[in-house]
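Structure data follow from protein-v3.txt (compact mmCIF, N, CA and C atoms):
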# COMPACT_ATOMS: atom_id res chain seq x y z
N ALA A 65 96.94 123.45 85.60
CA ALA A 65 96.79 122.23 86.36
C ALA A 65 98.05 121.36 86.26
N THR A 66 98.69 121.37 85.11
CA THR A 66 99.91 120.59 84.95
C THR A 66 101.01 121.13 85.85
N PHE A 67 101.12 122.46 85.93
CA PHE A 67 102.11 123.08 86.79
C PHE A 67 101.87 122.71 88.25
N VAL A 68 100.61 122.76 88.68
CA VAL A 68 100.28 122.42 90.07
C VAL A 68 100.61 120.96 90.35
N SER A 69 100.26 120.08 89.42
CA SER A 69 100.54 118.65 89.60
C SER A 69 102.04 118.39 89.68
N LEU A 70 102.79 118.97 88.77
CA LEU A 70 104.23 118.77 88.76
C LEU A 70 104.87 119.39 90.00
N SER A 71 104.45 120.60 90.37
CA SER A 71 105.02 121.28 91.54
C SER A 71 104.73 120.53 92.83
N SER A 72 103.49 120.11 92.99
CA SER A 72 103.14 119.41 94.23
C SER A 72 103.86 118.08 94.34
N THR A 73 104.01 117.37 93.24
CA THR A 73 104.75 116.11 93.25
C THR A 73 106.23 116.37 93.55
N GLY A 74 106.77 117.43 92.98
CA GLY A 74 108.17 117.79 93.24
C GLY A 74 108.40 118.19 94.69
N ILE A 75 107.48 118.96 95.25
CA ILE A 75 107.60 119.36 96.66
C ILE A 75 107.55 118.14 97.56
N MET A 76 106.62 117.24 97.27
CA MET A 76 106.48 116.03 98.07
C MET A 76 107.77 115.19 98.00
N LEU A 77 108.26 114.97 96.81
CA LEU A 77 109.49 114.19 96.65
C LEU A 77 110.68 114.90 97.29
N GLY A 78 110.78 116.20 97.10
CA GLY A 78 111.88 116.96 97.68
C GLY A 78 111.87 116.92 99.19
N THR A 79 110.70 117.03 99.79
CA THR A 79 110.58 116.96 101.24
C THR A 79 111.05 115.62 101.76
N GLN A 80 110.60 114.56 101.13
CA GLN A 80 110.97 113.22 101.57
C GLN A 80 112.46 112.95 101.36
N CYS A 81 113.02 113.42 100.27
CA CYS A 81 114.46 113.23 100.02
C CYS A 81 115.28 114.03 101.02
N TRP A 82 114.86 115.25 101.32
CA TRP A 82 115.60 116.08 102.27
C TRP A 82 115.63 115.41 103.64
N VAL A 83 114.47 114.93 104.09
CA VAL A 83 114.41 114.30 105.41
C VAL A 83 115.22 113.01 105.43
N ALA A 84 115.09 112.19 104.39
CA ALA A 84 115.74 110.88 104.39
C ALA A 84 117.24 110.95 104.09
N CYS A 85 117.66 111.89 103.26
CA CYS A 85 119.05 111.88 102.80
C CYS A 85 119.93 112.99 103.39
N ALA A 86 119.34 114.03 103.93
CA ALA A 86 120.15 115.13 104.44
C ALA A 86 119.88 115.39 105.93
N ALA A 87 118.69 115.84 106.25
CA ALA A 87 118.40 116.24 107.63
C ALA A 87 118.44 115.06 108.60
N GLY A 88 117.79 113.96 108.25
CA GLY A 88 117.75 112.80 109.14
C GLY A 88 119.12 112.24 109.49
N PRO A 89 119.93 111.90 108.48
CA PRO A 89 121.26 111.37 108.81
C PRO A 89 122.14 112.37 109.57
N THR A 90 122.03 113.65 109.24
CA THR A 90 122.82 114.67 109.94
C THR A 90 122.44 114.73 111.41
N MET A 91 121.14 114.76 111.67
CA MET A 91 120.69 114.79 113.07
C MET A 91 121.07 113.50 113.79
N PHE A 92 120.91 112.37 113.13
CA PHE A 92 121.23 111.08 113.74
C PHE A 92 122.68 111.03 114.19
N LEU A 93 123.57 111.55 113.37
CA LEU A 93 125.00 111.48 113.66
C LEU A 93 125.47 112.55 114.65
N ASN A 94 124.70 113.62 114.84
CA ASN A 94 125.18 114.75 115.62
C ASN A 94 124.34 115.08 116.85
N MET A 95 123.31 114.31 117.13
CA MET A 95 122.45 114.61 118.27
C MET A 95 122.45 113.43 119.25
N GLU A 96 122.16 113.74 120.49
CA GLU A 96 121.97 112.71 121.51
C GLU A 96 120.73 111.90 121.13
N ARG A 97 120.74 110.64 121.44
CA ARG A 97 119.71 109.70 120.99
C ARG A 97 118.29 110.14 121.34
N HIS A 98 118.05 110.52 122.60
CA HIS A 98 116.70 110.91 122.99
C HIS A 98 116.27 112.22 122.34
N ALA A 99 117.21 113.16 122.20
CA ALA A 99 116.89 114.42 121.53
C ALA A 99 116.55 114.17 120.06
N PHE A 100 117.27 113.26 119.42
CA PHE A 100 116.98 112.90 118.04
C PHE A 100 115.58 112.31 117.93
N GLY A 101 115.23 111.41 118.83
CA GLY A 101 113.90 110.82 118.82
C GLY A 101 112.81 111.86 119.04
N ASP A 102 113.08 112.80 119.96
CA ASP A 102 112.09 113.85 120.22
C ASP A 102 111.87 114.74 119.00
N ILE A 103 112.95 115.13 118.33
CA ILE A 103 112.81 116.00 117.16
C ILE A 103 112.16 115.25 116.00
N GLN A 104 112.48 113.98 115.83
CA GLN A 104 111.84 113.19 114.78
C GLN A 104 110.34 113.04 115.05
N ALA A 105 109.99 112.88 116.33
CA ALA A 105 108.58 112.73 116.69
C ALA A 105 107.79 113.99 116.34
N ARG A 106 108.46 115.13 116.28
CA ARG A 106 107.79 116.37 115.92
C ARG A 106 107.88 116.67 114.43
N LEU A 107 108.95 116.25 113.79
CA LEU A 107 109.12 116.53 112.36
C LEU A 107 108.32 115.58 111.46
N PHE A 108 108.24 114.31 111.82
CA PHE A 108 107.58 113.35 110.94
C PHE A 108 106.10 113.67 110.71
N PRO A 109 105.33 114.06 111.74
CA PRO A 109 103.95 114.44 111.45
C PRO A 109 103.85 115.63 110.48
N LYS A 110 104.75 116.57 110.60
CA LYS A 110 104.75 117.71 109.68
C LYS A 110 105.08 117.26 108.25
N MET A 111 106.08 116.38 108.14
CA MET A 111 106.42 115.84 106.83
C MET A 111 105.24 115.07 106.24
N GLY A 112 104.56 114.31 107.09
CA GLY A 112 103.40 113.56 106.63
C GLY A 112 102.29 114.47 106.15
N MET A 113 102.07 115.58 106.84
CA MET A 113 101.02 116.52 106.44
C MET A 113 101.38 117.21 105.12
N VAL A 114 102.66 117.58 104.95
CA VAL A 114 103.09 118.18 103.68
C VAL A 114 102.89 117.17 102.55
N SER A 115 103.31 115.93 102.78
CA SER A 115 103.15 114.90 101.75
C SER A 115 101.68 114.65 101.43
N MET A 116 100.86 114.62 102.46
CA MET A 116 99.43 114.39 102.24
C MET A 116 98.79 115.55 101.47
N ALA A 117 99.11 116.77 101.84
CA ALA A 117 98.56 117.94 101.14
C ALA A 117 99.03 117.98 99.68
N MET A 118 100.30 117.73 99.47
CA MET A 118 100.83 117.77 98.11
C MET A 118 100.27 116.61 97.27
N SER A 119 100.08 115.45 97.89
CA SER A 119 99.46 114.32 97.17
C SER A 119 98.03 114.66 96.77
N GLY A 120 97.30 115.29 97.68
CA GLY A 120 95.93 115.69 97.37
C GLY A 120 95.88 116.68 96.22
N LEU A 121 96.77 117.67 96.25
CA LEU A 121 96.85 118.63 95.14
C LEU A 121 97.23 117.94 93.83
N ALA A 122 98.17 117.02 93.90
CA ALA A 122 98.60 116.31 92.69
C ALA A 122 97.46 115.49 92.11
N VAL A 123 96.70 114.82 92.95
CA VAL A 123 95.56 114.03 92.47
C VAL A 123 94.51 114.93 91.83
N ALA A 124 94.16 116.01 92.52
CA ALA A 124 93.12 116.91 92.00
C ALA A 124 93.55 117.56 90.68
N SER A 125 94.78 118.03 90.61
CA SER A 125 95.22 118.68 89.38
C SER A 125 95.42 117.67 88.25
N TYR A 126 95.81 116.45 88.59
CA TYR A 126 95.96 115.42 87.57
C TYR A 126 94.60 115.09 86.95
N LEU A 127 93.58 115.01 87.79
CA LEU A 127 92.25 114.67 87.28
C LEU A 127 91.65 115.77 86.41
N LYS A 128 92.14 116.99 86.56
CA LYS A 128 91.63 118.07 85.74
C LYS A 128 91.95 117.85 84.26
N ASN A 129 93.10 117.28 83.97
CA ASN A 129 93.53 117.08 82.58
C ASN A 129 93.53 115.63 82.12
N ASN A 130 93.32 114.69 83.04
CA ASN A 130 93.43 113.27 82.68
C ASN A 130 92.25 112.48 83.23
N ASN A 131 92.13 111.27 82.73
CA ASN A 131 91.13 110.34 83.25
C ASN A 131 91.74 109.51 84.38
N MET A 132 90.89 108.72 85.00
CA MET A 132 91.39 107.82 86.05
C MET A 132 92.15 106.67 85.37
N ASP A 133 93.46 106.81 85.36
CA ASP A 133 94.31 105.82 84.73
C ASP A 133 95.39 105.40 85.71
N LEU A 134 96.44 104.80 85.23
CA LEU A 134 97.53 104.34 86.09
C LEU A 134 98.18 105.49 86.85
N GLY A 135 98.37 106.62 86.17
CA GLY A 135 98.95 107.79 86.83
C GLY A 135 98.10 108.25 88.01
N PHE A 136 96.78 108.28 87.81
CA PHE A 136 95.88 108.63 88.90
C PHE A 136 96.00 107.63 90.04
N GLY A 137 96.04 106.34 89.70
CA GLY A 137 96.15 105.31 90.73
C GLY A 137 97.42 105.44 91.56
N MET A 138 98.52 105.77 90.91
CA MET A 138 99.78 105.93 91.64
C MET A 138 99.73 107.16 92.54
N LEU A 139 99.18 108.27 92.05
CA LEU A 139 99.06 109.47 92.87
C LEU A 139 98.09 109.25 94.03
N ALA A 140 96.99 108.55 93.76
CA ALA A 140 96.02 108.26 94.81
C ALA A 140 96.62 107.33 95.87
N SER A 141 97.41 106.36 95.44
CA SER A 141 98.05 105.47 96.42
C SER A 141 99.05 106.25 97.27
N SER A 142 99.72 107.21 96.70
CA SER A 142 100.63 108.07 97.47
C SER A 142 99.85 108.86 98.51
N LEU A 143 98.68 109.35 98.14
CA LEU A 143 97.83 110.07 99.08
C LEU A 143 97.39 109.18 100.24
N VAL A 144 96.98 107.96 99.93
CA VAL A 144 96.56 107.02 100.96
C VAL A 144 97.72 106.67 101.89
N ILE A 145 98.88 106.41 101.33
CA ILE A 145 100.05 106.07 102.14
C ILE A 145 100.46 107.24 103.02
N SER A 146 100.41 108.46 102.49
CA SER A 146 100.74 109.64 103.30
C SER A 146 99.75 109.82 104.44
N ALA A 147 98.47 109.57 104.17
CA ALA A 147 97.46 109.68 105.22
C ALA A 147 97.67 108.62 106.29
N LEU A 148 97.96 107.39 105.88
CA LEU A 148 98.23 106.33 106.85
C LEU A 148 99.46 106.65 107.69
N ASN A 149 100.51 107.16 107.04
CA ASN A 149 101.71 107.56 107.80
C ASN A 149 101.37 108.64 108.81
N SER A 150 100.64 109.65 108.39
CA SER A 150 100.34 110.78 109.27
C SER A 150 99.45 110.41 110.44
N PHE A 151 98.43 109.62 110.18
CA PHE A 151 97.41 109.38 111.19
C PHE A 151 97.55 108.06 111.93
N VAL A 152 98.33 107.12 111.40
CA VAL A 152 98.45 105.81 112.04
C VAL A 152 99.90 105.49 112.37
N TRP A 153 100.74 105.36 111.34
CA TRP A 153 102.09 104.84 111.51
C TRP A 153 102.95 105.71 112.41
N PHE A 154 103.06 107.02 112.11
CA PHE A 154 103.92 107.90 112.91
C PHE A 154 103.48 107.97 114.37
N PRO A 155 102.18 108.14 114.66
CA PRO A 155 101.78 108.19 116.08
C PRO A 155 102.03 106.87 116.83
N VAL A 156 101.79 105.74 116.20
CA VAL A 156 102.02 104.45 116.85
C VAL A 156 103.50 104.26 117.13
N CYS A 157 104.34 104.55 116.17
CA CYS A 157 105.79 104.42 116.34
C CYS A 157 106.28 105.34 117.47
N THR A 158 105.79 106.56 117.50
CA THR A 158 106.18 107.52 118.54
C THR A 158 105.73 107.04 119.91
N ASP A 159 104.53 106.51 120.00
CA ASP A 159 104.04 105.99 121.28
C ASP A 159 104.93 104.88 121.81
N TYR A 160 105.35 103.98 120.93
CA TYR A 160 106.24 102.89 121.36
C TYR A 160 107.61 103.42 121.78
N MET A 161 108.09 104.46 121.10
CA MET A 161 109.37 105.05 121.48
C MET A 161 109.29 105.61 122.90
N TYR A 162 108.23 106.36 123.19
CA TYR A 162 108.10 106.94 124.52
C TYR A 162 107.79 105.87 125.57
N GLU A 163 107.08 104.82 125.19
CA GLU A 163 106.82 103.71 126.10
C GLU A 163 108.13 103.00 126.46
N MET A 164 108.99 102.82 125.50
CA MET A 164 110.28 102.18 125.73
C MET A 164 111.11 102.98 126.73
N ARG A 165 111.03 104.30 126.67
CA ARG A 165 111.81 105.15 127.57
C ARG A 165 111.33 105.08 129.02
N LYS A 166 110.11 104.64 129.24
CA LYS A 166 109.55 104.59 130.59
C LYS A 166 110.16 103.46 131.42
N HIS A 167 110.73 102.46 130.77
CA HIS A 167 111.17 101.25 131.46
C HIS A 167 112.69 101.14 131.48
N GLN A 168 113.19 100.48 132.51
CA GLN A 168 114.62 100.26 132.66
C GLN A 168 115.11 99.27 131.60
N VAL A 169 116.35 99.45 131.19
CA VAL A 169 116.97 98.55 130.22
C VAL A 169 117.00 97.14 130.80
N GLY A 170 116.60 96.17 129.98
CA GLY A 170 116.63 94.77 130.40
C GLY A 170 115.31 94.23 130.91
N THR A 171 114.34 95.10 131.22
CA THR A 171 113.06 94.62 131.72
C THR A 171 112.22 94.07 130.57
N ASP A 172 111.28 93.20 130.92
CA ASP A 172 110.40 92.63 129.89
C ASP A 172 109.56 93.70 129.21
N GLU A 173 109.13 94.70 129.98
CA GLU A 173 108.31 95.78 129.41
C GLU A 173 109.09 96.55 128.34
N ARG A 174 110.35 96.83 128.66
CA ARG A 174 111.18 97.57 127.69
C ARG A 174 111.45 96.71 126.45
N LYS A 175 111.72 95.42 126.67
CA LYS A 175 111.95 94.54 125.52
C LYS A 175 110.73 94.48 124.61
N LYS A 176 109.54 94.40 125.21
CA LYS A 176 108.31 94.34 124.42
C LYS A 176 108.10 95.65 123.67
N ALA A 177 108.25 96.77 124.37
CA ALA A 177 108.10 98.08 123.71
C ALA A 177 109.16 98.27 122.64
N GLY A 178 110.39 97.82 122.92
CA GLY A 178 111.48 97.93 121.96
C GLY A 178 111.22 97.11 120.71
N MET A 179 110.67 95.91 120.91
CA MET A 179 110.34 95.06 119.77
C MET A 179 109.26 95.72 118.91
N MET A 180 108.23 96.26 119.54
CA MET A 180 107.15 96.91 118.81
C MET A 180 107.64 98.18 118.14
N PHE A 181 108.52 98.92 118.79
CA PHE A 181 109.11 100.11 118.18
C PHE A 181 109.90 99.71 116.94
N GLY A 182 110.69 98.65 117.06
CA GLY A 182 111.47 98.19 115.91
C GLY A 182 110.59 97.76 114.75
N ILE A 183 109.47 97.10 115.05
CA ILE A 183 108.56 96.66 114.00
C ILE A 183 107.92 97.86 113.31
N THR A 184 107.46 98.82 114.10
CA THR A 184 106.77 99.98 113.50
C THR A 184 107.74 100.97 112.88
N HIS A 185 108.99 100.96 113.29
CA HIS A 185 109.98 101.91 112.80
C HIS A 185 110.62 101.44 111.50
N ALA A 186 110.61 100.16 111.24
CA ALA A 186 111.29 99.60 110.07
C ALA A 186 110.72 100.04 108.75

Output the file's structure in the form of structure tokens.
Amino acid sequence: ATFVSLSSTGIMLGTQCWVACAAGPTMFLNMERHAFGDIQARLFPKMGMVSMAMSGLAVASYLKNNNMDLGFGMLASSLVISALNSFVWFPVCTDYMYEMRKHQVGTDERKKAGMMFGITHA
């Protein structure tokens, strides 16, 4: 159980570090803006699902050897945050990105969608 907990936490952290520090910046600097947005819209849900699955494994394996303590609370909060990212945050942000693309630059609709995209993307 300790191996599963450590491995799942490492996979989750490694996935997030790879996306944030290597793959994301590389794509941002080398891809056309809309293509970058399209690929991110497809990669982020996958990253969220990996994080959610690994968080669930980490929580379950942690509870096998430990009681509900601070460590459990931190792992459980990671699971909740991953679930919120996967099912709420990423889809809402993606919807605003595609909504922004529907409107001409300078229109009120684009400004509103752009503002909401910026809020959800931050």

Pick out the residues sitting within 7 Å of region 92-108 of chain A, and hand them over as a PDB file with N, CA and C atoms, in the frame of the given file; count only N, CA and C atoms, and ignore anything fewer than 6 positions along from it in its own chain.
ATOM      1  N   SER A 150     100.640 109.650 108.390  1.00  0.00           N
ATOM      2  CA  SER A 150     100.340 110.780 109.270  1.00  0.00           C
ATOM      3  C   SER A 150      99.450 110.410 110.440  1.00  0.00           C
ATOM      4  N   PHE A 154     103.060 107.020 112.110  1.00  0.00           N
ATOM      5  CA  PHE A 154     103.920 107.900 112.910  1.00  0.00           C
ATOM      6  C   PHE A 154     103.480 107.970 114.370  1.00  0.00           C
ATOM      7  N   THR A 158     105.790 106.560 117.500  1.00  0.00           N
ATOM      8  CA  THR A 158     106.180 107.520 118.540  1.00  0.00           C
ATOM      9  C   THR A 158     105.730 107.040 119.910  1.00  0.00           C
TER      10      THR A 158
END

ask   = Counting all atoms listed in the file, what is within 6 Å of Met164 (chain A), bar same-chain residues fewer than 2 positions away, as a VMD selection string?
value = chain A and resid 159 to 162 166 to 167 174 177 to 178

task = Work out how far apart atom N of Ser69 (chain A) and atom N of Leu148 (chain A) are and give it in Å to one decimal.
result =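 Taking atom N of Ser69 (chain A) and atom N of Leu148 (chain A), their separation equals 20.9 Å.
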
task = May I ask for the distance between atom N of Val152 (chain A) and atom N of Ala87 (chain A), given in Å to one decimal place?
result = 22.7 Å

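Within 6.5 Å of region 139-144 of chain A, once only N, CA and C atoms are used and residues closer than 4 positions along the same chain are dropped, the contacting residues are Ser115, Met116, Ser119, Gly120, Ala122, Val123, Leu134, Gly135, Leu148 and Asn149 of chain A.
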
query = Separation of atom C of Ala124 (chain A) and CA of Ala65 (chain A), in Å?
reply =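 If I compute the distance from atom C of Ala124 (chain A) to CA of Ala65 (chain A), I get 7.1 Å.
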
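Nearest-residue note for Phe181 (chain A): choosing from A:Met113, A:Ala147, A:Cys157, A:Ala84, the minimum distance belongs to A:Cys157, counting only C-alpha atoms.
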
Will you model all heavy atoms for region 75-86 of chain A and pass it back as a PDB file, in the frame of the given file?
ATOM      1  N   ILE A  75     107.480 118.960  95.250  1.00  0.00           N
ATOM      2  CA  ILE A  75     107.600 119.360  96.660  1.00  0.00           C
ATOM      3  C   ILE A  75     107.550 118.140  97.560  1.00  0.00           C
ATOM      4  O   ILE A  75     108.330 118.015  98.505  1.00  0.00           O
ATOM      5  CB  ILE A  75     106.518 120.393  97.021  1.00  0.00           C
ATOM      6  CG1 ILE A  75     106.789 121.724  96.322  1.00  0.00           C
ATOM      7  CG2 ILE A  75     106.434 120.591  98.537  1.00  0.00           C
ATOM      8  CD1 ILE A  75     105.644 122.709  96.388  1.00  0.00           C
ATOM      9  N   MET A  76     106.620 117.240  97.270  1.00  0.00           N
ATOM     10  CA  MET A  76     106.480 116.030  98.070  1.00  0.00           C
ATOM     11  C   MET A  76     107.770 115.190  98.000  1.00  0.00           C
ATOM     12  O   MET A  76     108.305 114.770  99.030  1.00  0.00           O
ATOM     13  CB  MET A  76     105.288 115.211  97.574  1.00  0.00           C
ATOM     14  CG  MET A  76     105.042 113.925  98.315  1.00  0.00           C
ATOM     15  SD  MET A  76     103.581 113.031  97.751  1.00  0.00           S
ATOM     16  CE  MET A  76     103.718 113.059  95.992  1.00  0.00           C
ATOM     17  N   LEU A  77     108.260 114.970  96.810  1.00  0.00           N
ATOM     18  CA  LEU A  77     109.490 114.190  96.650  1.00  0.00           C
ATOM     19  C   LEU A  77     110.680 114.900  97.290  1.00  0.00           C
ATOM     20  O   LEU A  77     111.487 114.278  97.989  1.00  0.00           O
ATOM     21  CB  LEU A  77     109.772 113.949  95.162  1.00  0.00           C
ATOM     22  CG  LEU A  77     111.070 113.201  94.849  1.00  0.00           C
ATOM     23  CD1 LEU A  77     111.037 111.800  95.439  1.00  0.00           C
ATOM     24  CD2 LEU A  77     111.289 113.145  93.344  1.00  0.00           C
ATOM     25  N   GLY A  78     110.780 116.200  97.100  1.00  0.00           N
ATOM     26  CA  GLY A  78     111.880 116.960  97.680  1.00  0.00           C
ATOM     27  C   GLY A  78     111.870 116.920  99.190  1.00  0.00           C
ATOM     28  O   GLY A  78     112.930 116.777  99.828  1.00  0.00           O
ATOM     29  N   THR A  79     110.700 117.030  99.790  1.00  0.00           N
ATOM     30  CA  THR A  79     110.580 116.960 101.240  1.00  0.00           C
ATOM     31  C   THR A  79     111.050 115.620 101.760  1.00  0.00           C
ATOM     32  O   THR A  79     111.832 115.535 102.723  1.00  0.00           O
ATOM     33  CB  THR A  79     109.118 117.208 101.678  1.00  0.00           C
ATOM     34  OG1 THR A  79     108.707 118.495 101.211  1.00  0.00           O
ATOM     35  CG2 THR A  79     108.957 117.124 103.174  1.00  0.00           C
ATOM     36  N   GLN A  80     110.600 114.560 101.130  1.00  0.00           N
ATOM     37  CA  GLN A  80     110.970 113.220 101.570  1.00  0.00           C
ATOM     38  C   GLN A  80     112.460 112.950 101.360  1.00  0.00           C
ATOM     39  O   GLN A  80     113.120 112.357 102.232  1.00  0.00           O
ATOM     40  CB  GLN A  80     110.119 112.177 100.855  1.00  0.00           C
ATOM     41  CG  GLN A  80     108.670 112.260 101.262  1.00  0.00           C
ATOM     42  CD  GLN A  80     107.757 111.409 100.401  1.00  0.00           C
ATOM     43  OE1 GLN A  80     108.186 110.745  99.476  1.00  0.00           O
ATOM     44  NE2 GLN A  80     106.469 111.440 100.717  1.00  0.00           N
ATOM     45  N   CYS A  81     113.020 113.420 100.270  1.00  0.00           N
ATOM     46  CA  CYS A  81     114.460 113.230 100.020  1.00  0.00           C
ATOM     47  C   CYS A  81     115.280 114.030 101.020  1.00  0.00           C
ATOM     48  O   CYS A  81     116.303 113.544 101.509  1.00  0.00           O
ATOM     49  CB  CYS A  81     114.812 113.638  98.592  1.00  0.00           C
ATOM     50  SG  CYS A  81     114.258 112.458  97.356  1.00  0.00           S
ATOM     51  N   TRP A  82     114.860 115.250 101.320  1.00  0.00           N
ATOM     52  CA  TRP A  82     115.600 116.080 102.270  1.00  0.00           C
ATOM     53  C   TRP A  82     115.630 115.410 103.640  1.00  0.00           C
ATOM     54  O   TRP A  82     116.678 115.314 104.272  1.00  0.00           O
ATOM     55  CB  TRP A  82     114.984 117.470 102.366  1.00  0.00           C
ATOM     56  CG  TRP A  82     115.644 118.301 103.415  1.00  0.00           C
ATOM     57  CD1 TRP A  82     115.145 118.607 104.652  1.00  0.00           C
ATOM     58  CD2 TRP A  82     116.939 118.899 103.365  1.00  0.00           C
ATOM     59  NE1 TRP A  82     116.045 119.356 105.366  1.00  0.00           N
ATOM     60  CE2 TRP A  82     117.161 119.551 104.586  1.00  0.00           C
ATOM     61  CE3 TRP A  82     117.934 118.945 102.393  1.00  0.00           C
ATOM     62  CZ2 TRP A  82     118.341 120.236 104.863  1.00  0.00           C
ATOM     63  CZ3 TRP A  82     119.101 119.632 102.672  1.00  0.00           C
ATOM     64  CH2 TRP A  82     119.289 120.269 103.890  1.00  0.00           C
ATOM     65  N   VAL A  83     114.470 114.930 104.090  1.00  0.00           N
ATOM     66  CA  VAL A  83     114.410 114.300 105.410  1.00  0.00           C
ATOM     67  C   VAL A  83     115.220 113.010 105.430  1.00  0.00           C
ATOM     68  O   VAL A  83     115.977 112.762 106.373  1.00  0.00           O
ATOM     69  CB  VAL A  83     112.936 114.049 105.824  1.00  0.00           C
ATOM     70  CG1 VAL A  83     112.853 113.169 107.057  1.00  0.00           C
ATOM     71  CG2 VAL A  83     112.226 115.373 106.081  1.00  0.00           C
ATOM     72  N   ALA A  84     115.090 112.190 104.390  1.00  0.00           N
ATOM     73  CA  ALA A  84     115.740 110.880 104.390  1.00  0.00           C
ATOM     74  C   ALA A  84     117.240 110.950 104.090  1.00  0.00           C
ATOM     75  O   ALA A  84     118.008 110.143 104.627  1.00  0.00           O
ATOM     76  CB  ALA A  84     115.068 109.972 103.362  1.00  0.00           C
ATOM     77  N   CYS A  85     117.660 111.890 103.260  1.00  0.00           N
ATOM     78  CA  CYS A  85     119.050 111.880 102.800  1.00  0.00           C
ATOM     79  C   CYS A  85     119.930 112.990 103.390  1.00  0.00           C
ATOM     80  O   CYS A  85     121.154 112.875 103.338  1.00  0.00           O
ATOM     81  CB  CYS A  85     119.087 112.001 101.284  1.00  0.00           C
ATOM     82  SG  CYS A  85     118.274 110.621 100.458  1.00  0.00           S
ATOM     83  N   ALA A  86     119.340 114.030 103.930  1.00  0.00           N
ATOM     84  CA  ALA A  86     120.150 115.130 104.440  1.00  0.00           C
ATOM     85  C   ALA A  86     119.880 115.390 105.930  1.00  0.00           C
ATOM     86  O   ALA A  86     120.755 115.191 106.772  1.00  0.00           O
ATOM     87  CB  ALA A  86     119.902 116.403 103.625  1.00  0.00           C
TER      88      ALA A  86
END
